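Visitor: Once you've had a glance at the structure underneath, I'll fire off some questions.
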Amino acid sequence: MPATEELKSEVSISLADVVAARERLRGSIYYSPCAHSQMLSSITGQQIYLKLENLQMTGSFKERGALNRIALLTPEQAARGVVAASAGNHAQGVAYHATKRGIRALIVMPLATPLVKVTATRGFGAEVVLHGANYDEAYEEARRICAAEEMTFIHPFDDPAVMAGQGTIALEMLEQVPGLEAVVVPIGGGGLIGGIACAIKESNPKIKVVGVQTSRLPSMAIAVEQHGPVTIDPATTIADGIAVRRAGEVTFPVVNRYVDEIVTVDEDEIASSILMLLEREKTLAEGAGATALAALLQKKTSLHNVKTGVLVCGGNIDVTLLSRIIERGLVQDGRMIRLRITLLDKPGALAELTKLIAAHRANIVDTLYNRAYYGVNLGNTTIDITLETRGREQVQELLAALTAGGFEHTRIV
(Lines give C-alpha, C1' and ligand atoms only; values in the text may rest on other atoms or scores of the structure.)
Protein backbone atom coordinates (compact mmCIF):
# COMPACT_ATOMS: atom_id res chain seq x y z
CA MET A 1 0.00 0.00 0.00
CA PRO A 2 1.41 3.47 -0.85
CA ALA A 3 2.46 5.49 2.18
CA THR A 4 -0.21 8.16 1.61
CA GLU A 5 -3.00 5.58 1.45
CA GLU A 6 -1.68 3.84 4.55
CA LEU A 7 -1.64 7.13 6.42
CA LYS A 8 -5.15 7.99 5.28
CA SER A 9 -6.44 4.68 6.60
CA GLU A 10 -5.08 5.52 10.04
CA VAL A 11 -6.85 8.89 10.26
CA SER A 12 -9.64 8.46 12.80
CA ILE A 13 -11.92 11.41 11.98
CA SER A 14 -13.41 13.09 8.95
CA LEU A 15 -15.19 16.33 8.14
CA ALA A 16 -18.48 14.49 8.59
CA ASP A 17 -17.52 13.71 12.20
CA VAL A 18 -16.80 17.39 12.88
CA VAL A 19 -20.08 18.48 11.26
CA ALA A 20 -21.97 15.94 13.38
CA ALA A 21 -20.17 17.17 16.49
CA ARG A 22 -21.28 20.69 15.74
CA GLU A 23 -24.91 19.64 15.76
CA ARG A 24 -24.43 17.97 19.15
CA LEU A 25 -22.78 21.10 20.54
CA ARG A 26 -25.25 23.57 19.07
CA GLY A 27 -26.84 25.70 21.78
CA SER A 28 -24.45 24.48 24.48
CA ILE A 29 -21.17 26.05 23.32
CA TYR A 30 -20.54 29.77 22.90
CA TYR A 31 -20.05 30.82 19.27
CA SER A 32 -16.85 32.70 20.09
CA PRO A 33 -15.93 35.81 18.11
CA CYS A 34 -13.16 35.86 15.53
CA ALA A 35 -12.19 39.51 15.57
CA HIS A 36 -9.90 41.27 13.12
CA SER A 37 -6.95 43.08 14.70
CA GLN A 38 -5.61 45.99 12.68
CA MET A 39 -2.76 46.53 15.13
CA LEU A 40 -1.56 42.91 15.15
CA SER A 41 -1.96 42.73 11.39
CA SER A 42 0.40 45.67 11.04
CA ILE A 43 2.98 44.15 13.39
CA THR A 44 2.96 40.62 11.96
CA GLY A 45 2.56 41.29 8.25
CA GLN A 46 -0.57 39.09 8.14
CA GLN A 47 -4.26 39.89 8.28
CA ILE A 48 -4.90 38.67 11.82
CA TYR A 49 -8.25 37.35 13.07
CA LEU A 50 -8.27 36.27 16.71
CA LYS A 51 -10.53 33.31 17.53
CA LEU A 52 -11.32 34.01 21.17
CA GLU A 53 -11.91 30.61 22.78
CA ASN A 54 -10.82 32.13 26.09
CA LEU A 55 -14.38 33.48 26.27
CA GLN A 56 -15.97 30.05 26.67
CA MET A 57 -17.81 29.38 29.93
CA THR A 58 -14.84 27.49 31.41
CA GLY A 59 -12.28 29.82 29.82
CA SER A 60 -11.02 27.32 27.26
CA PHE A 61 -11.81 25.42 24.05
CA LYS A 62 -11.57 22.14 25.98
CA GLU A 63 -15.25 21.98 26.73
CA ARG A 64 -16.06 21.41 23.04
CA GLY A 65 -14.33 18.05 22.91
CA ALA A 66 -15.49 17.08 26.38
CA LEU A 67 -19.12 17.80 25.52
CA ASN A 68 -18.99 15.92 22.23
CA ARG A 69 -17.63 12.85 24.02
CA ILE A 70 -20.22 13.14 26.79
CA ALA A 71 -23.02 13.50 24.22
CA LEU A 72 -22.03 10.15 22.72
CA LEU A 73 -22.41 8.22 25.97
CA THR A 74 -25.02 5.47 26.02
CA PRO A 75 -27.66 5.75 28.75
CA GLU A 76 -25.88 2.97 30.64
CA GLN A 77 -22.53 4.76 30.43
CA ALA A 78 -24.08 8.06 31.48
CA ALA A 79 -25.61 6.38 34.52
CA ARG A 80 -22.20 5.12 35.66
CA GLY A 81 -20.50 8.50 35.19
CA VAL A 82 -17.28 9.78 33.65
CA VAL A 83 -13.67 10.09 34.80
CA ALA A 84 -10.91 12.39 33.61
CA ALA A 85 -7.34 13.23 34.60
CA SER A 86 -6.40 16.87 34.30
CA ALA A 87 -4.75 19.75 36.11
CA GLY A 88 -6.86 22.45 34.53
CA ASN A 89 -8.96 23.21 31.47
CA HIS A 90 -10.05 19.69 30.51
CA ALA A 91 -11.13 19.06 34.10
CA GLN A 92 -13.39 22.09 34.09
CA GLY A 93 -14.85 21.29 30.68
CA VAL A 94 -15.75 17.75 31.70
CA ALA A 95 -17.08 18.87 35.08
CA TYR A 96 -19.28 21.61 33.66
CA HIS A 97 -20.94 19.70 30.85
CA ALA A 98 -21.30 16.40 32.69
CA THR A 99 -22.93 18.11 35.66
CA LYS A 100 -25.31 20.06 33.39
CA ARG A 101 -26.56 16.71 32.09
CA GLY A 102 -26.88 15.12 35.52
CA ILE A 103 -23.88 12.84 34.93
CA ARG A 104 -21.45 12.11 37.72
CA ALA A 105 -17.98 13.50 36.97
CA LEU A 106 -14.87 12.45 38.88
CA ILE A 107 -11.64 14.31 38.12
CA VAL A 108 -8.21 13.13 39.29
CA MET A 109 -5.78 16.03 39.68
CA PRO A 110 -2.11 15.99 40.77
CA LEU A 111 -1.44 16.89 44.40
CA ALA A 112 0.38 20.06 43.35
CA THR A 113 -2.56 21.45 41.36
CA PRO A 114 -3.15 25.09 42.35
CA LEU A 115 -6.06 25.53 44.74
CA VAL A 116 -7.83 27.92 42.36
CA LYS A 117 -8.08 25.16 39.72
CA VAL A 118 -9.25 22.56 42.23
CA THR A 119 -11.88 24.98 43.53
CA ALA A 120 -13.05 25.88 40.02
CA THR A 121 -13.42 22.21 39.06
CA ARG A 122 -15.42 21.46 42.20
CA GLY A 123 -17.46 24.58 41.55
CA PHE A 124 -18.56 23.13 38.21
CA GLY A 125 -19.91 20.11 40.07
CA ALA A 126 -17.19 17.46 39.85
CA GLU A 127 -15.78 15.21 42.55
CA VAL A 128 -12.05 15.92 42.75
CA VAL A 129 -9.49 13.33 43.79
CA LEU A 130 -5.99 14.67 44.43
CA HIS A 131 -3.43 12.00 43.61
CA GLY A 132 0.16 11.75 42.43
CA ALA A 133 3.10 14.07 42.01
CA ASN A 134 2.38 14.77 38.33
CA TYR A 135 -0.13 14.28 35.52
CA ASP A 136 1.14 10.80 34.64
CA GLU A 137 0.45 9.52 38.15
CA ALA A 138 -2.96 11.21 38.19
CA TYR A 139 -3.73 9.62 34.82
CA GLU A 140 -2.90 6.13 36.10
CA GLU A 141 -5.14 6.64 39.13
CA ALA A 142 -7.98 7.86 36.91
CA ARG A 143 -7.64 4.76 34.77
CA ARG A 144 -7.69 2.57 37.88
CA ILE A 145 -10.87 4.22 39.18
CA CYS A 146 -12.43 4.00 35.74
CA ALA A 147 -11.88 0.23 35.59
CA ALA A 148 -12.89 -0.38 39.19
CA GLU A 149 -16.17 1.55 38.96
CA GLU A 150 -16.93 0.83 35.28
CA MET A 151 -17.05 4.53 34.46
CA THR A 152 -16.14 6.08 31.09
CA PHE A 153 -12.74 7.73 30.73
CA ILE A 154 -12.67 11.00 28.80
CA HIS A 155 -9.21 11.61 27.42
CA PRO A 156 -8.09 15.25 27.09
CA PHE A 157 -6.98 14.81 23.46
CA ASP A 158 -6.35 11.26 22.23
CA ASP A 159 -9.94 10.40 21.32
CA PRO A 160 -11.67 10.83 17.93
CA ALA A 161 -14.81 12.27 19.51
CA VAL A 162 -12.80 14.79 21.52
CA MET A 163 -10.85 15.74 18.40
CA ALA A 164 -14.05 16.17 16.38
CA GLY A 165 -15.47 18.43 19.08
CA GLN A 166 -12.42 20.67 18.94
CA GLY A 167 -12.70 20.73 15.15
CA THR A 168 -15.97 22.65 15.39
CA ILE A 169 -13.82 25.74 15.94
CA ALA A 170 -12.66 25.47 12.32
CA LEU A 171 -16.20 25.39 10.96
CA GLU A 172 -16.95 28.62 12.82
CA MET A 173 -13.77 30.29 11.56
CA LEU A 174 -14.59 29.39 7.96
CA GLU A 175 -17.94 31.14 8.41
CA GLN A 176 -16.51 34.14 10.25
CA VAL A 177 -13.55 34.88 7.95
CA PRO A 178 -14.51 34.68 4.25
CA GLY A 179 -11.41 33.97 2.19
CA LEU A 180 -9.49 32.51 5.13
CA GLU A 181 -6.01 31.52 3.93
CA ALA A 182 -4.28 30.12 7.04
CA VAL A 183 -4.86 29.11 10.62
CA VAL A 184 -2.28 29.04 13.41
CA VAL A 185 -3.04 26.70 16.30
CA PRO A 186 -1.26 25.72 19.55
CA ILE A 187 -0.27 22.05 19.87
CA GLY A 188 -0.10 19.93 23.01
CA GLY A 189 -1.17 16.33 22.48
CA GLY A 190 -2.72 17.17 19.11
CA GLY A 191 -6.46 17.01 19.78
CA LEU A 192 -7.12 20.68 19.03
CA ILE A 193 -5.02 21.02 15.90
CA GLY A 194 -6.04 17.56 14.70
CA GLY A 195 -9.73 18.42 14.73
CA ILE A 196 -9.17 21.89 13.25
CA ALA A 197 -6.77 20.65 10.56
CA CYS A 198 -9.12 17.88 9.47
CA ALA A 199 -12.07 20.25 9.16
CA ILE A 200 -10.02 22.89 7.36
CA LYS A 201 -8.23 20.64 4.89
CA GLU A 202 -11.33 18.60 4.01
CA SER A 203 -13.25 21.85 3.48
CA ASN A 204 -10.54 23.70 1.55
CA PRO A 205 -7.12 22.03 1.04
CA LYS A 206 -5.55 25.35 -0.01
CA ILE A 207 -5.80 26.81 3.52
CA LYS A 208 -2.50 26.45 5.39
CA VAL A 209 -2.52 24.90 8.85
CA VAL A 210 0.39 25.84 11.11
CA GLY A 211 0.95 24.35 14.56
CA VAL A 212 2.90 25.97 17.40
CA GLN A 213 4.53 24.24 20.37
CA THR A 214 6.62 25.44 23.27
CA SER A 215 10.30 24.77 22.57
CA ARG A 216 10.56 23.12 25.99
CA LEU A 217 8.11 20.33 25.09
CA PRO A 218 7.97 19.95 21.28
CA SER A 219 6.46 16.47 21.46
CA MET A 220 4.45 16.66 18.22
CA ALA A 221 7.28 18.23 16.24
CA ILE A 222 9.55 15.39 17.37
CA ALA A 223 6.85 12.83 16.57
CA VAL A 224 6.65 14.12 13.00
CA GLU A 225 10.45 13.93 12.68
CA GLN A 226 10.54 10.42 14.14
CA HIS A 227 7.45 9.21 12.19
CA GLY A 228 5.60 8.37 15.37
CA PRO A 229 4.97 9.48 18.97
CA VAL A 230 7.90 9.34 21.37
CA THR A 231 8.05 10.27 25.05
CA ILE A 232 10.31 13.25 25.74
CA ASP A 233 11.86 14.42 28.98
CA PRO A 234 9.69 16.46 31.36
CA ALA A 235 10.06 20.23 31.47
CA THR A 236 8.28 23.19 32.99
CA THR A 237 6.71 25.91 30.88
CA ILE A 238 4.34 28.82 31.29
CA ALA A 239 2.32 27.19 28.51
CA ASP A 240 1.16 24.45 30.88
CA GLY A 241 -1.97 23.79 28.83
CA ILE A 242 0.17 22.29 26.05
CA ALA A 243 2.85 20.74 28.27
CA VAL A 244 2.46 17.24 26.85
CA ARG A 245 5.42 14.85 26.82
CA ARG A 246 4.05 12.48 24.19
CA ALA A 247 1.89 13.17 21.14
CA GLY A 248 -1.32 11.18 20.93
CA GLU A 249 -1.45 7.84 19.14
CA VAL A 250 -4.84 8.80 17.68
CA THR A 251 -4.00 12.44 16.97
CA PHE A 252 -0.58 11.93 15.40
CA PRO A 253 -1.75 10.46 12.05
CA VAL A 254 -4.25 13.32 11.67
CA VAL A 255 -1.61 15.96 12.39
CA ASN A 256 0.91 14.21 10.16
CA ARG A 257 -1.55 14.18 7.29
CA TYR A 258 -3.13 17.61 7.50
CA VAL A 259 -0.75 20.05 9.24
CA ASP A 260 1.56 21.94 6.89
CA GLU A 261 4.10 23.28 9.37
CA ILE A 262 5.04 23.05 13.05
CA VAL A 263 7.14 25.74 14.72
CA THR A 264 8.23 26.37 18.31
CA VAL A 265 8.37 29.43 20.55
CA ASP A 266 10.33 29.98 23.77
CA GLU A 267 9.20 31.20 27.17
CA ASP A 268 10.04 34.88 26.69
CA GLU A 269 8.25 34.91 23.34
CA ILE A 270 5.14 33.43 24.92
CA ALA A 271 5.29 35.93 27.78
CA SER A 272 5.60 38.83 25.33
CA SER A 273 2.59 37.54 23.42
CA ILE A 274 0.52 37.36 26.63
CA LEU A 275 1.45 40.95 27.39
CA MET A 276 0.71 42.07 23.83
CA LEU A 277 -2.76 40.54 23.92
CA LEU A 278 -3.48 42.02 27.34
CA GLU A 279 -2.19 45.52 26.69
CA ARG A 280 -3.06 46.05 23.03
CA GLU A 281 -6.09 43.78 22.50
CA LYS A 282 -7.54 43.84 26.03
CA THR A 283 -7.62 40.04 25.88
CA LEU A 284 -6.41 37.76 28.66
CA ALA A 285 -4.66 34.62 27.41
CA GLU A 286 -2.92 31.86 29.32
CA GLY A 287 0.49 30.64 28.16
CA ALA A 288 -0.89 28.03 25.77
CA GLY A 289 -3.43 30.53 24.48
CA ALA A 290 -0.72 32.99 23.46
CA THR A 291 1.62 30.61 21.62
CA ALA A 292 -0.02 30.91 18.21
CA LEU A 293 0.27 34.68 18.21
CA ALA A 294 3.82 34.43 19.58
CA ALA A 295 4.89 32.49 16.48
CA LEU A 296 3.55 35.24 14.22
CA LEU A 297 4.98 38.09 16.29
CA GLN A 298 8.41 36.44 16.11
CA LYS A 299 8.12 35.66 12.38
CA LYS A 300 8.53 31.93 13.02
CA THR A 301 6.13 30.74 10.29
CA SER A 302 6.40 30.74 6.51
CA LEU A 303 3.18 32.73 6.18
CA HIS A 304 3.30 36.13 4.48
CA ASN A 305 0.51 38.68 4.15
CA VAL A 306 -2.38 36.23 4.24
CA LYS A 307 -5.75 36.15 6.01
CA THR A 308 -4.80 34.24 9.14
CA GLY A 309 -7.00 32.87 11.89
CA VAL A 310 -5.09 32.79 15.18
CA LEU A 311 -6.44 30.67 17.98
CA VAL A 312 -6.45 32.15 21.49
CA CYS A 313 -7.37 28.79 22.97
CA GLY A 314 -7.68 29.67 26.67
CA GLY A 315 -7.47 32.37 29.30
CA ASN A 316 -7.10 30.52 32.59
CA ILE A 317 -3.88 31.99 33.91
CA ASP A 318 -2.79 32.22 37.54
CA VAL A 319 -2.78 35.88 38.62
CA THR A 320 0.59 35.60 40.34
CA LEU A 321 2.13 34.27 37.12
CA LEU A 322 0.41 37.03 35.19
CA SER A 323 1.90 39.68 37.49
CA ARG A 324 5.39 38.26 36.91
CA ILE A 325 4.83 38.18 33.15
CA ILE A 326 3.70 41.81 33.16
CA GLU A 327 6.72 42.89 35.18
CA ARG A 328 9.11 40.91 32.99
CA GLY A 329 7.52 42.33 29.86
CA LEU A 330 7.96 45.87 31.15
CA VAL A 331 11.65 45.12 31.74
CA GLN A 332 12.09 43.72 28.22
CA ASP A 333 10.43 46.79 26.73
CA GLY A 334 12.65 49.12 28.74
CA ARG A 335 9.64 50.50 30.61
CA MET A 336 11.03 49.22 33.90
CA ILE A 337 14.76 49.17 34.61
CA ARG A 338 17.06 48.73 37.56
CA LEU A 339 20.16 50.92 37.74
CA ARG A 340 23.15 50.32 39.99
CA ILE A 341 24.76 53.68 40.74
CA THR A 342 27.90 54.47 42.74
CA LEU A 343 27.88 57.85 44.48
CA LEU A 344 29.73 59.68 47.22
CA ASP A 345 28.58 58.79 50.73
CA LYS A 346 27.87 62.36 51.78
CA PRO A 347 24.84 64.46 52.70
CA GLY A 348 22.90 65.59 49.66
CA ALA A 349 24.31 63.02 47.20
CA LEU A 350 21.09 61.05 47.06
CA ALA A 351 19.05 64.24 46.71
CA GLU A 352 21.14 65.26 43.68
CA LEU A 353 20.56 61.86 42.12
CA THR A 354 16.80 61.84 42.64
CA LYS A 355 16.53 65.42 41.39
CA LEU A 356 18.23 64.44 38.14
CA ILE A 357 15.96 61.40 37.75
CA ALA A 358 12.86 63.52 38.38
CA ALA A 359 14.01 66.05 35.80
CA HIS A 360 13.93 63.29 33.17
CA ARG A 361 10.42 62.20 34.21
CA ALA A 362 11.35 58.70 35.36
CA ASN A 363 9.49 57.32 38.37
CA ILE A 364 11.33 55.61 41.23
CA VAL A 365 9.59 52.36 42.24
CA ASP A 366 12.12 50.83 44.63
CA THR A 367 15.57 51.48 46.11
CA LEU A 368 18.24 49.36 47.82
CA TYR A 369 20.96 51.42 49.49
CA ASN A 370 24.15 49.82 50.87
CA ARG A 371 27.82 50.41 51.65
CA ALA A 372 29.12 46.89 52.28
CA TYR A 373 28.51 45.07 49.00
CA TYR A 374 29.59 45.21 45.35
CA GLY A 375 33.19 46.13 46.30
CA VAL A 376 32.56 49.85 46.78
CA ASN A 377 35.36 52.00 48.15
CA LEU A 378 35.21 53.52 51.61
CA GLY A 379 33.61 56.93 51.23
CA ASN A 380 31.33 55.70 48.45
CA THR A 381 28.03 53.86 48.45
CA THR A 382 26.01 51.95 45.91
CA ILE A 383 22.29 52.24 45.31
CA ASP A 384 20.05 50.02 43.20
CA ILE A 385 17.09 52.00 41.88
CA THR A 386 14.13 50.45 40.05
CA LEU A 387 12.51 52.94 37.69
CA GLU A 388 9.43 53.18 35.51
CA THR A 389 10.15 54.84 32.17
CA ARG A 390 8.44 55.47 28.85
CA GLY A 391 10.76 53.09 27.02
CA ARG A 392 14.30 52.51 25.77
CA GLU A 393 14.73 55.99 24.29
CA GLN A 394 14.05 57.63 27.64
CA VAL A 395 16.39 55.15 29.34
CA GLN A 396 19.26 56.14 27.03
CA GLU A 397 18.59 59.83 27.66
CA LEU A 398 18.62 59.22 31.41
CA LEU A 399 21.89 57.23 31.27
CA ALA A 400 23.57 60.02 29.31
CA ALA A 401 22.31 62.62 31.82
CA LEU A 402 23.58 60.59 34.79
CA THR A 403 27.04 60.31 33.24
CA ALA A 404 27.11 64.03 32.46
CA GLY A 405 25.91 64.80 35.99
CA GLY A 406 28.88 63.04 37.63
CA PHE A 407 27.26 59.63 38.18
CA GLU A 408 29.55 57.94 35.69
CA HIS A 409 29.56 54.61 37.55
CA THR A 410 26.04 53.70 36.47
CA ARG A 411 24.91 50.49 34.83
CA ILE A 412 21.75 48.55 34.14
CA VAL A 413 21.42 45.37 36.24
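Each chain in the C-alpha coordinates gets a letter, A, B, ..., in the order shown, and its residues are numbered from 1; ligands are numbered from 1 in order too.
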Which residues are near segment 191-203 of chain A? Cut-off 9 Å, only C-alpha atoms, ignore same chain within fewer than 2 positions. Put them as number ranges by chain.

Guide: A: 13-16, 18-19, 61-62, 65, 156-160, 162-171, 174, 183-189, 205-211, 248, 250-259

Visitor: Among segment 251-320 of chain A, which residues does DSSP mark as strand (DSSP E) when it is run on the backbone? Keep the chain and numbering as in the structure and answer as a PyMOL selection string.

Guide: chain A and resi 261-265+307-312

Visitor: For Ala85 of chain A, which residue out of A:Ala161, A:Ala221, A:Leu343, A:Val129 is the nearest one, using only C-alpha atoms?

Guide: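 Of A:Ala161, A:Ala221, A:Leu343, A:Val129, the one nearest Ala85 of chain A, counting only C-alpha atoms, is A:Val129.
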
Visitor: Identify, on the basis of only C-alpha atoms, every residue whose closest approach to Thr44 of chain A does not exceed 12 Å; exclude the query and any residue fewer than 4 positions from it along the same chain; express the result as an MDAnalysis selection string.

Guide: chainID A and resid 37:40 48:49 273 292:308 310

Visitor: So, with only C-alpha atoms as the atoms that count, which of A:Ala71, A:Ala84, A:Val94, A:Leu111 lies closest to Ala142 of chain A?

Guide: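 Of all the options, A:Ala84 lies closest to Ala142 of chain A.
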
Visitor: DSSP says alpha helix (DSSP H) for which residues of segment 93-263 of chain A? Put them as a PyMOL selection string?

Guide: chain A and resi 93-100+115-123+135-149+160-176+191-203+219-226+251-258

Visitor: Residues at most 12 Å from segment 267-271 of chain A, counting only C-alpha atoms, excluding those fewer than 5 positions away in the same chain, as a PyMOL selection string?

Guide: chain A and resi 186+212-217+235-240+276-278+284-300+317+321-333

Visitor: Could you check how far atom CA of Ser86 of chain A sits from atom CA of Gly228 of chain A, in Å to one decimal?

Guide: 24.0 Å

Visitor: With only C-alpha atoms as the counted atoms, please give the residues lying no more than 8 Å from Thr381 of chain A, apart from itself and same-chain residues fewer than 4 positions off, as a PyMOL selection string.

Guide: chain A and resi 342-345+369-371+376-377

Visitor: If you count only C-alpha atoms, which residues fall within 12 Å of His131 of chain A, apart from same-chain ones fewer than 6 positions away, as number ranges by chain?

Guide: A: 85-87, 107-113, 137-142, 144-145

Visitor: Using only C-alpha atoms, what table do you get, as CSV, when you list each residue of segment 63-101 of chain A with an atom no more than 8 Å from segment 150-153 of chain A, its nearest pair of atoms, and their distance in Å rounded to one decimal, rows by chain then rising number?

Guide:
```
residue,atom,partner,partner_atom,distance
A:Gln77,CA,A:Thr152,CA,6.6
A:Arg80,CA,A:Met151,CA,5.3
A:Gly81,CA,A:Met151,CA,5.3
A:Val82,CA,A:Thr152,CA,4.6
A:Val83,CA,A:Phe153,CA,4.8
A:Ala84,CA,A:Phe153,CA,5.8
```

Visitor: With distances taken over only C-alpha atoms, which of A:Ala351, A:Ala98, A:Leu387, A:Leu180 is nearest to Leu72 of chain A?

Guide: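 Comparing A:Ala351, A:Ala98, A:Leu387, A:Leu180 against Leu72 of chain A, the winner is A:Ala98.
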
Visitor: Extract, using only C-alpha atoms, all DNA, RNA and protein residues at most 8 Å from segment 54-58 of chain A, discarding same-chain residues fewer than 4 positions from it, and format them as a PyMOL selection string.

Guide: chain A and resi 29-30+32+63+89+92-93+96+284-285+289+312-316

Visitor: Could you state the separation of atom CA of Arg411 of chain A and atom CA of Arg361 of chain A in Å, given to one decimal place?

Guide: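 Between atom CA of Arg411 of chain A and atom CA of Arg361 of chain A the gap is 18.6 Å.
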